[in-house]
Amino acid sequence: MTNPLLEKAESFIHQYCQEMNIGPAEKEKRIEEVQNSILTTGTYSHTTSELQFGARAAWRNSNRCIGRLFWNSLQLFDARDALSKEEVKEALFNHIDYATNDGKIRSTVTIFAPREKNKGPIRIFNHQLIRYAGYVKENGEVIGDPHSISFTQFCESLGWRGKGTKYDVLPLVVQLHEGEPFYFNLPPDMIKEVVIKHRSIPEIDELQLKWYAVPIISDMKLEIGGIDYIAAPFNGWYMETEIAARNFADEKRYHELPSVAEKMGLSTKLASNLWKDRAIIELNQAVLDSFKQAGVSMVDHHTAGNQFALFEEKEALEGREVTGDWSWLVPPVSPASSHIFHKRYKNTWNSPNFLYQPSFIK
Ligand code: HEM
Ligand SMILES: N=C(Nc1cccc(CNC[C@@H]2CCCN2)c1)c1cccs1
């Protein structure tokens with residue numbers, strides 16, 4: 001009778017030992033340790049070194065990520081012993097502080113305890129550690145980020161109240177061992193934000209747009225060698241198109257293109273005026289300039305594409321095939337100007353990896 005966890009564990013240890021140049025004797029010893037643990041306790045625990053390699057390999061295997069060139073420089077915080085509210089809060093604050101690094105962003109992952117037997121582990125309910133609230137007013141008007149409406153309502157059901165502005169930072173919501181979810185606000189001075197201004201179109205500044213500096217995904221599961229780390233927040237830095245061509249531009253997000261076009265003095269009457277395209281380009285330019293001016297790390301979509309090409313070359317030298325999800329890898333601005341557009345990628349899913357997990361909101 002094959003034990004699925006045993007197979008995944010052995011396969012991961014083989015990969016770890018191969019890539020870390022660990023000899024056969026030490027490998028066999030570790031394999032035996034893991035086998036015994038699984039057979040006696042039903043699970044096993046990673047060494048910190050295995051955890052660090054596993055998280056880096058998971059980033060390297062993330063098919064939808066254009067930023068993978070730097071996979072081997074991911075910083076790990078091992079928070080598997082953080083089991084109380086205070087310790088979890090401390091670990092999350094430490095992540096935000098360390099990653100932000102006053103704007104010189106450091107790619108970081110914090111890994112909390114995995115599911116142990118029946119003890120449900122820690123679960124973070126936020127999509128990202130820093131995210132703006134979304135509200136629907138009586139008259140149906142939406143304030144803030146529409147993408148956050150349901151989570152904002154959930155926070156309010158826990159007793160949280162926002163100011164009701166366009167940029168209210170949501171609280172962190174955590175559940176410990178299947179207990180009642182609890183929330184806590186982030187100290188405002190911990191959250192770095194960038195006000196968006198344009199170098200040569202000052203009218204755009206009048207829109208008073210801003211965005212937070214560090215994207216920290218907190219709702220994905222990190223799977224390593226058959227172990228599911230369901231709380232493993234990770235961050236990199238933004239590619240400008242994410243903010244300027246999606247978060248601000250999508251009709252179902254901040255829907256700012258008509259206002260940007262109007263500030264630019266463009267007529268929005270005819271689609272063939274390409275007013276949307278002109279607005280998107282100037283918004284991308286403003287986001288890039290503002291982040292640079294603020295000393296906050298960010299990559300433009302051309303540089304990111306070139307870095308991805310380098311990643312592909314390096315992987316080929318290592319004898320690894322790059323897997324990818326073309327539809328996510330191509331940037332949403334000038335896609336055909338990127339080499340990615342003209343290539344195909346196998347979208348096979350390798351382990352370790354980051355995966356979606358069922359959202360908690362009922
Ligand atoms: C260092 C700078 C980084 C940049 C510029 C970058 C860029 C991106 C972009 C633009 C996306 C598409 C997001 C979207 O369209 O919503 C993405 C997806 C992704 N990235 Fe990266 N990334 C970086 C670092 C990281 C790190 C450190 C990790 C994990 C350790 C990571 C894991 C992922 C994953 C798992 C996805 C897919 C998310 C999903 O399926 O929803 N990335 N990345
Ligand atoms: N630059 C980043 N962007 C990013 C990466 C993964 C996932 C996401 C969020 N994707 C979902 C959003 C929300 C709707 C459509 N896009 C953003 C990073 C976030 C964390 C590490 S890198």
# chains A, B, ... in the order shown; residues from 1 in each chain; ligands from 1
call {"tool": "residues_near_ligand", "arguments": {"ligand": "ligand 1", "cutoff": "8 Å", "atoms": "only C-alpha atoms and all ligand atoms", "output": "ChimeraX atom specification"}}
result
/A:55-56,58-59,62-68,70-71,74,106-109,220,234-239,241-242,298-299,304,328-329,331,353-356
call {"tool": "closest_residue", "arguments": {"among": "A:Phe93, A:Pro215, A:Ile105, A:Lys252", "to": "Ile143 (chain A)", "atoms": "only C-alpha atoms"}}
result
A:Lys252
call {"tool": "closest_residue", "arguments": {"among": "A:His147, A:Arg80, A:Arg123, A:His198", "to": "Asp250 (chain A)", "atoms": "only C-alpha atoms"}}
result
A:His147
call {"tool": "select_by_dssp", "arguments": {"residues": "region 77-316 of chain A", "states": "strand (DSSP E)", "output": "PyMOL selection string"}}
result
chain A and resi 77-79+108-112+122-124+134-136+142-144+172-176+182-184+193-195+210-212+216-217+221-224+227-229+234-235+238-239+298-299
call {"tool": "residues_around", "arguments": {"residues": "region 188-195 of chain A", "least_positions_apart": "4", "cutoff": "10 Å", "atoms": "only C-alpha atoms", "output": "PDB file with N, CA and C atoms, in the first residue's frame"}}
result
ATOM      1  N   PHE A  93       4.109  41.387  11.792  1.00  0.00           N
ATOM      2  CA  PHE A  93       4.665  42.754  11.819  1.00  0.00           C
ATOM      3  C   PHE A  93       6.126  42.716  11.384  1.00  0.00           C
ATOM      4  N   ASN A  94       6.842  41.691  11.862  1.00  0.00           N
ATOM      5  CA  ASN A  94       8.254  41.566  11.491  1.00  0.00           C
ATOM      6  C   ASN A  94       8.382  41.407   9.964  1.00  0.00           C
ATOM      7  N   ILE A  96       6.355  42.475   7.554  1.00  0.00           N
ATOM      8  CA  ILE A  96       6.076  43.750   6.860  1.00  0.00           C
ATOM      9  C   ILE A  96       7.277  44.694   7.007  1.00  0.00           C
ATOM     10  N   ASP A  97       7.800  44.758   8.227  1.00  0.00           N
ATOM     11  CA  ASP A  97       8.909  45.674   8.499  1.00  0.00           C
ATOM     12  C   ASP A  97      10.167  45.264   7.732  1.00  0.00           C
ATOM     13  N   THR A 100       9.648  45.626   3.834  1.00  0.00           N
ATOM     14  CA  THR A 100       9.568  47.019   3.371  1.00  0.00           C
ATOM     15  C   THR A 100      10.946  47.663   3.363  1.00  0.00           C
ATOM     16  N   ASN A 101      11.682  47.483   4.457  1.00  0.00           N
ATOM     17  CA  ASN A 101      13.080  47.929   4.508  1.00  0.00           C
ATOM     18  C   ASN A 101      13.197  49.365   4.008  1.00  0.00           C
ATOM     19  N   ASP A 102      12.264  50.196   4.413  1.00  0.00           N
ATOM     20  CA  ASP A 102      12.178  51.619   4.074  1.00  0.00           C
ATOM     21  C   ASP A 102      12.144  51.865   2.552  1.00  0.00           C
ATOM     22  N   GLY A 103      11.644  50.865   1.802  1.00  0.00           N
ATOM     23  CA  GLY A 103      11.504  51.058   0.356  1.00  0.00           C
ATOM     24  C   GLY A 103      12.406  50.159  -0.461  1.00  0.00           C
ATOM     25  N   ILE A 130      -1.334  43.827   3.264  1.00  0.00           N
ATOM     26  CA  ILE A 130      -1.716  45.242   3.130  1.00  0.00           C
ATOM     27  C   ILE A 130      -2.639  45.347   1.922  1.00  0.00           C
ATOM     28  N   VAL A 169      -6.755  50.981   5.021  1.00  0.00           N
ATOM     29  CA  VAL A 169      -6.012  49.704   5.094  1.00  0.00           C
ATOM     30  C   VAL A 169      -6.789  48.733   5.985  1.00  0.00           C
ATOM     31  N   ASP A 205      -1.914  64.591 -11.073  1.00  0.00           N
ATOM     32  CA  ASP A 205      -1.693  64.628  -9.611  1.00  0.00           C
ATOM     33  C   ASP A 205      -2.986  64.982  -8.871  1.00  0.00           C
ATOM     34  N   GLN A 208      -5.122  62.588  -6.948  1.00  0.00           N
ATOM     35  CA  GLN A 208      -4.659  62.152  -5.619  1.00  0.00           C
ATOM     36  C   GLN A 208      -4.677  60.620  -5.483  1.00  0.00           C
ATOM     37  N   LEU A 209      -4.192  59.942  -6.516  1.00  0.00           N
ATOM     38  CA  LEU A 209      -4.104  58.479  -6.451  1.00  0.00           C
ATOM     39  C   LEU A 209      -2.918  58.087  -5.574  1.00  0.00           C
ATOM     40  N   LYS A 210      -3.021  56.958  -4.888  1.00  0.00           N
ATOM     41  CA  LYS A 210      -1.874  56.413  -4.158  1.00  0.00           C
ATOM     42  C   LYS A 210      -2.010  54.887  -4.106  1.00  0.00           C
ATOM     43  N   TRP A 211      -0.946  54.204  -3.793  1.00  0.00           N
ATOM     44  CA  TRP A 211      -0.983  52.757  -3.630  1.00  0.00           C
ATOM     45  C   TRP A 211       0.052  52.345  -2.591  1.00  0.00           C
ATOM     46  N   TYR A 212      -0.118  51.161  -2.006  1.00  0.00           N
ATOM     47  CA  TYR A 212       0.846  50.707  -0.982  1.00  0.00           C
ATOM     48  C   TYR A 212       2.082  50.123  -1.666  1.00  0.00           C
ATOM     49  N   ALA A 213       3.192  50.184  -0.971  1.00  0.00           N
ATOM     50  CA  ALA A 213       4.488  49.843  -1.573  1.00  0.00           C
ATOM     51  C   ALA A 213       4.710  48.348  -1.759  1.00  0.00           C
ATOM     52  N   VAL A 214       4.289  47.531  -0.788  1.00  0.00           N
ATOM     53  CA  VAL A 214       4.702  46.125  -0.776  1.00  0.00           C
ATOM     54  C   VAL A 214       3.524  45.156  -0.916  1.00  0.00           C
ATOM     55  N   ALA A 286       3.476  57.424 -14.612  1.00  0.00           N
ATOM     56  CA  ALA A 286       3.342  58.127 -13.322  1.00  0.00           C
ATOM     57  C   ALA A 286       3.663  57.181 -12.164  1.00  0.00           C
ATOM     58  N   VAL A 287       3.191  55.936 -12.241  1.00  0.00           N
ATOM     59  CA  VAL A 287       3.454  54.971 -11.164  1.00  0.00           C
ATOM     60  C   VAL A 287       4.947  54.680 -11.068  1.00  0.00           C
ATOM     61  N   SER A 290       6.754  57.785  -9.677  1.00  0.00           N
ATOM     62  CA  SER A 290       6.428  58.056  -8.265  1.00  0.00           C
ATOM     63  C   SER A 290       7.123  57.065  -7.342  1.00  0.00           C
ATOM     64  N   PHE A 291       7.145  55.770  -7.730  1.00  0.00           N
ATOM     65  CA  PHE A 291       7.819  54.761  -6.894  1.00  0.00           C
ATOM     66  C   PHE A 291       9.321  55.045  -6.856  1.00  0.00           C
ATOM     67  N   LYS A 292       9.869  55.436  -8.025  1.00  0.00           N
ATOM     68  CA  LYS A 292      11.307  55.722  -8.071  1.00  0.00           C
ATOM     69  C   LYS A 292      11.639  56.918  -7.181  1.00  0.00           C
ATOM     70  N   GLN A 293      10.814  57.953  -7.325  1.00  0.00           N
ATOM     71  CA  GLN A 293      10.993  59.195  -6.547  1.00  0.00           C
ATOM     72  C   GLN A 293      10.909  58.894  -5.051  1.00  0.00           C
ATOM     73  N   ALA A 294      10.043  57.937  -4.698  1.00  0.00           N
ATOM     74  CA  ALA A 294       9.840  57.612  -3.280  1.00  0.00           C
ATOM     75  C   ALA A 294      10.883  56.620  -2.768  1.00  0.00           C
ATOM     76  N   GLY A 295      11.760  56.140  -3.674  1.00  0.00           N
ATOM     77  CA  GLY A 295      12.793  55.176  -3.258  1.00  0.00           C
ATOM     78  C   GLY A 295      12.208  53.812  -2.937  1.00  0.00           C
ATOM     79  N   VAL A 296      11.094  53.471  -3.612  1.00  0.00           N
ATOM     80  CA  VAL A 296      10.462  52.162  -3.386  1.00  0.00           C
ATOM     81  C   VAL A 296      10.723  51.255  -4.587  1.00  0.00           C
TER      82      VAL A 296
END
call {"tool": "residues_around", "arguments": {"residues": "Leu5 (chain A)", "least_positions_apart": "6", "cutoff": "10 Å", "atoms": "only C-alpha atoms", "output": "CSV table (one decimal) with N, CA and C atoms, in the first residue's frame"}}
result
chain,number,residue,atom,x,y,z
A,11,SER,N,10.5,12.1,-2.6
A,11,SER,CA,10.8,12.9,-3.9
A,11,SER,C,11.4,14.3,-3.5
A,35,GLN,N,11.0,8.6,6.9
A,35,GLN,CA,10.1,7.4,6.8
A,35,GLN,C,9.6,7.0,8.2
A,38,ILE,N,7.0,9.5,9.5
A,38,ILE,CA,5.7,9.3,8.8
A,38,ILE,C,5.0,8.1,9.3
A,42,GLY,N,2.6,9.9,11.3
A,42,GLY,CA,1.7,10.2,10.2
A,42,GLY,C,2.2,11.5,9.4
A,43,THR,N,3.2,12.1,9.9
A,43,THR,CA,3.8,13.3,9.3
A,43,THR,C,5.3,13.4,9.6
A,44,TYR,N,5.9,14.5,9.1
A,44,TYR,CA,7.3,14.7,9.4
A,44,TYR,C,7.5,16.2,9.3
A,225,GLY,N,7.1,18.9,-0.3
A,225,GLY,CA,7.2,17.5,0.0
A,225,GLY,C,6.0,16.9,0.7
A,226,GLY,N,4.8,17.3,0.2
A,226,GLY,CA,3.6,16.8,0.8
A,226,GLY,C,3.0,17.4,2.0
A,227,ILE,N,3.8,18.4,2.5
A,227,ILE,CA,3.3,19.2,3.7
A,227,ILE,C,2.7,20.5,3.2
call {"tool": "decode", "arguments": {"residues": "region 46-73 of chain A", "atoms": "N, CA, C and O atoms", "output": "PDB file, in the first residue's frame"}}
result
ATOM      1  N   HIS A  46      10.133  19.536   8.367  1.00  0.00           N
ATOM      2  CA  HIS A  46      11.305  19.946   7.587  1.00  0.00           C
ATOM      3  C   HIS A  46      12.334  20.624   8.467  1.00  0.00           C
ATOM      4  O   HIS A  46      11.990  21.317   9.419  1.00  0.00           O
ATOM      5  N   THR A  47      13.593  20.443   8.100  1.00  0.00           N
ATOM      6  CA  THR A  47      14.640  21.249   8.735  1.00  0.00           C
ATOM      7  C   THR A  47      14.489  22.660   8.149  1.00  0.00           C
ATOM      8  O   THR A  47      13.858  22.838   7.099  1.00  0.00           O
ATOM      9  N   THR A  48      15.059  23.647   8.815  1.00  0.00           N
ATOM     10  CA  THR A  48      14.955  25.026   8.310  1.00  0.00           C
ATOM     11  C   THR A  48      15.598  25.129   6.932  1.00  0.00           C
ATOM     12  O   THR A  48      15.092  25.809   6.043  1.00  0.00           O
ATOM     13  N   SER A  49      16.677  24.388   6.736  1.00  0.00           N
ATOM     14  CA  SER A  49      17.348  24.403   5.441  1.00  0.00           C
ATOM     15  C   SER A  49      16.448  23.803   4.348  1.00  0.00           C
ATOM     16  O   SER A  49      16.349  24.348   3.239  1.00  0.00           O
ATOM     17  N   GLU A  50      15.745  22.728   4.673  1.00  0.00           N
ATOM     18  CA  GLU A  50      14.802  22.128   3.710  1.00  0.00           C
ATOM     19  C   GLU A  50      13.667  23.105   3.426  1.00  0.00           C
ATOM     20  O   GLU A  50      13.226  23.262   2.295  1.00  0.00           O
ATOM     21  N   LEU A  51      13.242  23.812   4.471  1.00  0.00           N
ATOM     22  CA  LEU A  51      12.137  24.780   4.331  1.00  0.00           C
ATOM     23  C   LEU A  51      12.558  25.921   3.409  1.00  0.00           C
ATOM     24  O   LEU A  51      11.822  26.342   2.516  1.00  0.00           O
ATOM     25  N   GLN A  52      13.788  26.412   3.594  1.00  0.00           N
ATOM     26  CA  GLN A  52      14.283  27.519   2.771  1.00  0.00           C
ATOM     27  C   GLN A  52      14.389  27.080   1.305  1.00  0.00           C
ATOM     28  O   GLN A  52      13.927  27.787   0.404  1.00  0.00           O
ATOM     29  N   PHE A  53      14.956  25.889   1.094  1.00  0.00           N
ATOM     30  CA  PHE A  53      15.070  25.395  -0.287  1.00  0.00           C
ATOM     31  C   PHE A  53      13.680  25.182  -0.877  1.00  0.00           C
ATOM     32  O   PHE A  53      13.400  25.566  -2.018  1.00  0.00           O
ATOM     33  N   GLY A  54      12.774  24.611  -0.079  1.00  0.00           N
ATOM     34  CA  GLY A  54      11.411  24.326  -0.555  1.00  0.00           C
ATOM     35  C   GLY A  54      10.679  25.578  -0.975  1.00  0.00           C
ATOM     36  O   GLY A  54      10.041  25.614  -2.037  1.00  0.00           O
ATOM     37  N   ALA A  55      10.802  26.650  -0.189  1.00  0.00           N
ATOM     38  CA  ALA A  55      10.107  27.909  -0.511  1.00  0.00           C
ATOM     39  C   ALA A  55      10.703  28.529  -1.771  1.00  0.00           C
ATOM     40  O   ALA A  55       9.985  29.026  -2.641  1.00  0.00           O
ATOM     41  N   ARG A  56      12.033  28.472  -1.899  1.00  0.00           N
ATOM     42  CA  ARG A  56      12.701  29.025  -3.094  1.00  0.00           C
ATOM     43  C   ARG A  56      12.325  28.226  -4.342  1.00  0.00           C
ATOM     44  O   ARG A  56      12.044  28.793  -5.408  1.00  0.00           O
ATOM     45  N   ALA A  57      12.271  26.878  -4.188  1.00  0.00           N
ATOM     46  CA  ALA A  57      11.894  26.033  -5.330  1.00  0.00           C
ATOM     47  C   ALA A  57      10.434  26.281  -5.711  1.00  0.00           C
ATOM     48  O   ALA A  57      10.077  26.283  -6.896  1.00  0.00           O
ATOM     49  N   ALA A  58       9.593  26.558  -4.717  1.00  0.00           N
ATOM     50  CA  ALA A  58       8.176  26.840  -4.994  1.00  0.00           C
ATOM     51  C   ALA A  58       8.046  28.119  -5.817  1.00  0.00           C
ATOM     52  O   ALA A  58       7.242  28.188  -6.754  1.00  0.00           O
ATOM     53  N   TRP A  59       8.848  29.116  -5.499  1.00  0.00           N
ATOM     54  CA  TRP A  59       8.838  30.369  -6.291  1.00  0.00           C
ATOM     55  C   TRP A  59       9.308  30.071  -7.710  1.00  0.00           C
ATOM     56  O   TRP A  59       8.677  30.459  -8.688  1.00  0.00           O
ATOM     57  N   ARG A  60      10.379  29.277  -7.807  1.00  0.00           N
ATOM     58  CA  ARG A  60      10.947  28.922  -9.118  1.00  0.00           C
ATOM     59  C   ARG A  60       9.933  28.164  -9.964  1.00  0.00           C
ATOM     60  O   ARG A  60       9.917  28.289 -11.180  1.00  0.00           O
ATOM     61  N   ASN A  61       9.027  27.434  -9.297  1.00  0.00           N
ATOM     62  CA  ASN A  61       8.004  26.650 -10.011  1.00  0.00           C
ATOM     63  C   ASN A  61       6.700  27.395 -10.245  1.00  0.00           C
ATOM     64  O   ASN A  61       5.726  26.806 -10.720  1.00  0.00           O
ATOM     65  N   SER A  62       6.646  28.679  -9.840  1.00  0.00           N
ATOM     66  CA  SER A  62       5.389  29.432  -9.950  1.00  0.00           C
ATOM     67  C   SER A  62       5.162  29.883 -11.384  1.00  0.00           C
ATOM     68  O   SER A  62       5.663  30.923 -11.814  1.00  0.00           O
ATOM     69  N   ASN A  63       4.376  29.111 -12.118  1.00  0.00           N
ATOM     70  CA  ASN A  63       4.206  29.308 -13.563  1.00  0.00           C
ATOM     71  C   ASN A  63       3.724  30.691 -13.963  1.00  0.00           C
ATOM     72  O   ASN A  63       3.936  31.112 -15.099  1.00  0.00           O
ATOM     73  N   ARG A  64       3.007  31.374 -13.053  1.00  0.00           N
ATOM     74  CA  ARG A  64       2.423  32.667 -13.421  1.00  0.00           C
ATOM     75  C   ARG A  64       3.327  33.841 -13.059  1.00  0.00           C
ATOM     76  O   ARG A  64       2.945  34.998 -13.257  1.00  0.00           O
ATOM     77  N   CYS A  65       4.515  33.544 -12.533  1.00  0.00           N
ATOM     78  CA  CYS A  65       5.382  34.609 -12.049  1.00  0.00           C
ATOM     79  C   CYS A  65       6.469  34.985 -13.050  1.00  0.00           C
ATOM     80  O   CYS A  65       7.279  34.147 -13.457  1.00  0.00           O
ATOM     81  N   ILE A  66       6.495  36.276 -13.406  1.00  0.00           N
ATOM     82  CA  ILE A  66       7.499  36.814 -14.325  1.00  0.00           C
ATOM     83  C   ILE A  66       8.778  37.177 -13.573  1.00  0.00           C
ATOM     84  O   ILE A  66       9.819  37.383 -14.170  1.00  0.00           O
ATOM     85  N   GLY A  67       8.686  37.227 -12.223  1.00  0.00           N
ATOM     86  CA  GLY A  67       9.826  37.707 -11.431  1.00  0.00           C
ATOM     87  C   GLY A  67      10.759  36.629 -10.908  1.00  0.00           C
ATOM     88  O   GLY A  67      11.516  36.873  -9.964  1.00  0.00           O
ATOM     89  N   ARG A  68      10.765  35.456 -11.515  1.00  0.00           N
ATOM     90  CA  ARG A  68      11.443  34.302 -10.932  1.00  0.00           C
ATOM     91  C   ARG A  68      12.968  34.312 -11.010  1.00  0.00           C
ATOM     92  O   ARG A  68      13.621  33.471 -10.400  1.00  0.00           O
ATOM     93  N   LEU A  69      13.561  35.274 -11.730  1.00  0.00           N
ATOM     94  CA  LEU A  69      15.035  35.288 -11.835  1.00  0.00           C
ATOM     95  C   LEU A  69      15.688  35.246 -10.455  1.00  0.00           C
ATOM     96  O   LEU A  69      16.741  34.638 -10.281  1.00  0.00           O
ATOM     97  N   PHE A  70      15.041  35.907  -9.479  1.00  0.00           N
ATOM     98  CA  PHE A  70      15.666  36.073  -8.159  1.00  0.00           C
ATOM     99  C   PHE A  70      15.239  35.002  -7.161  1.00  0.00           C
ATOM    100  O   PHE A  70      15.350  35.195  -5.950  1.00  0.00           O
ATOM    101  N   TRP A  71      14.773  33.862  -7.673  1.00  0.00           N
ATOM    102  CA  TRP A  71      14.196  32.825  -6.808  1.00  0.00           C
ATOM    103  C   TRP A  71      15.139  32.378  -5.700  1.00  0.00           C
ATOM    104  O   TRP A  71      14.726  32.087  -4.581  1.00  0.00           O
ATOM    105  N   ASN A  72      16.438  32.397  -5.968  1.00  0.00           N
ATOM    106  CA  ASN A  72      17.373  31.839  -4.997  1.00  0.00           C
ATOM    107  C   ASN A  72      17.801  32.837  -3.926  1.00  0.00           C
ATOM    108  O   ASN A  72      18.676  32.551  -3.124  1.00  0.00           O
ATOM    109  N   SER A  73      17.167  34.017  -3.917  1.00  0.00           N
ATOM    110  CA  SER A  73      17.533  35.015  -2.893  1.00  0.00           C
ATOM    111  C   SER A  73      16.349  35.316  -1.983  1.00  0.00           C
ATOM    112  O   SER A  73      16.312  36.344  -1.324  1.00  0.00           O
TER     113      SER A  73
END
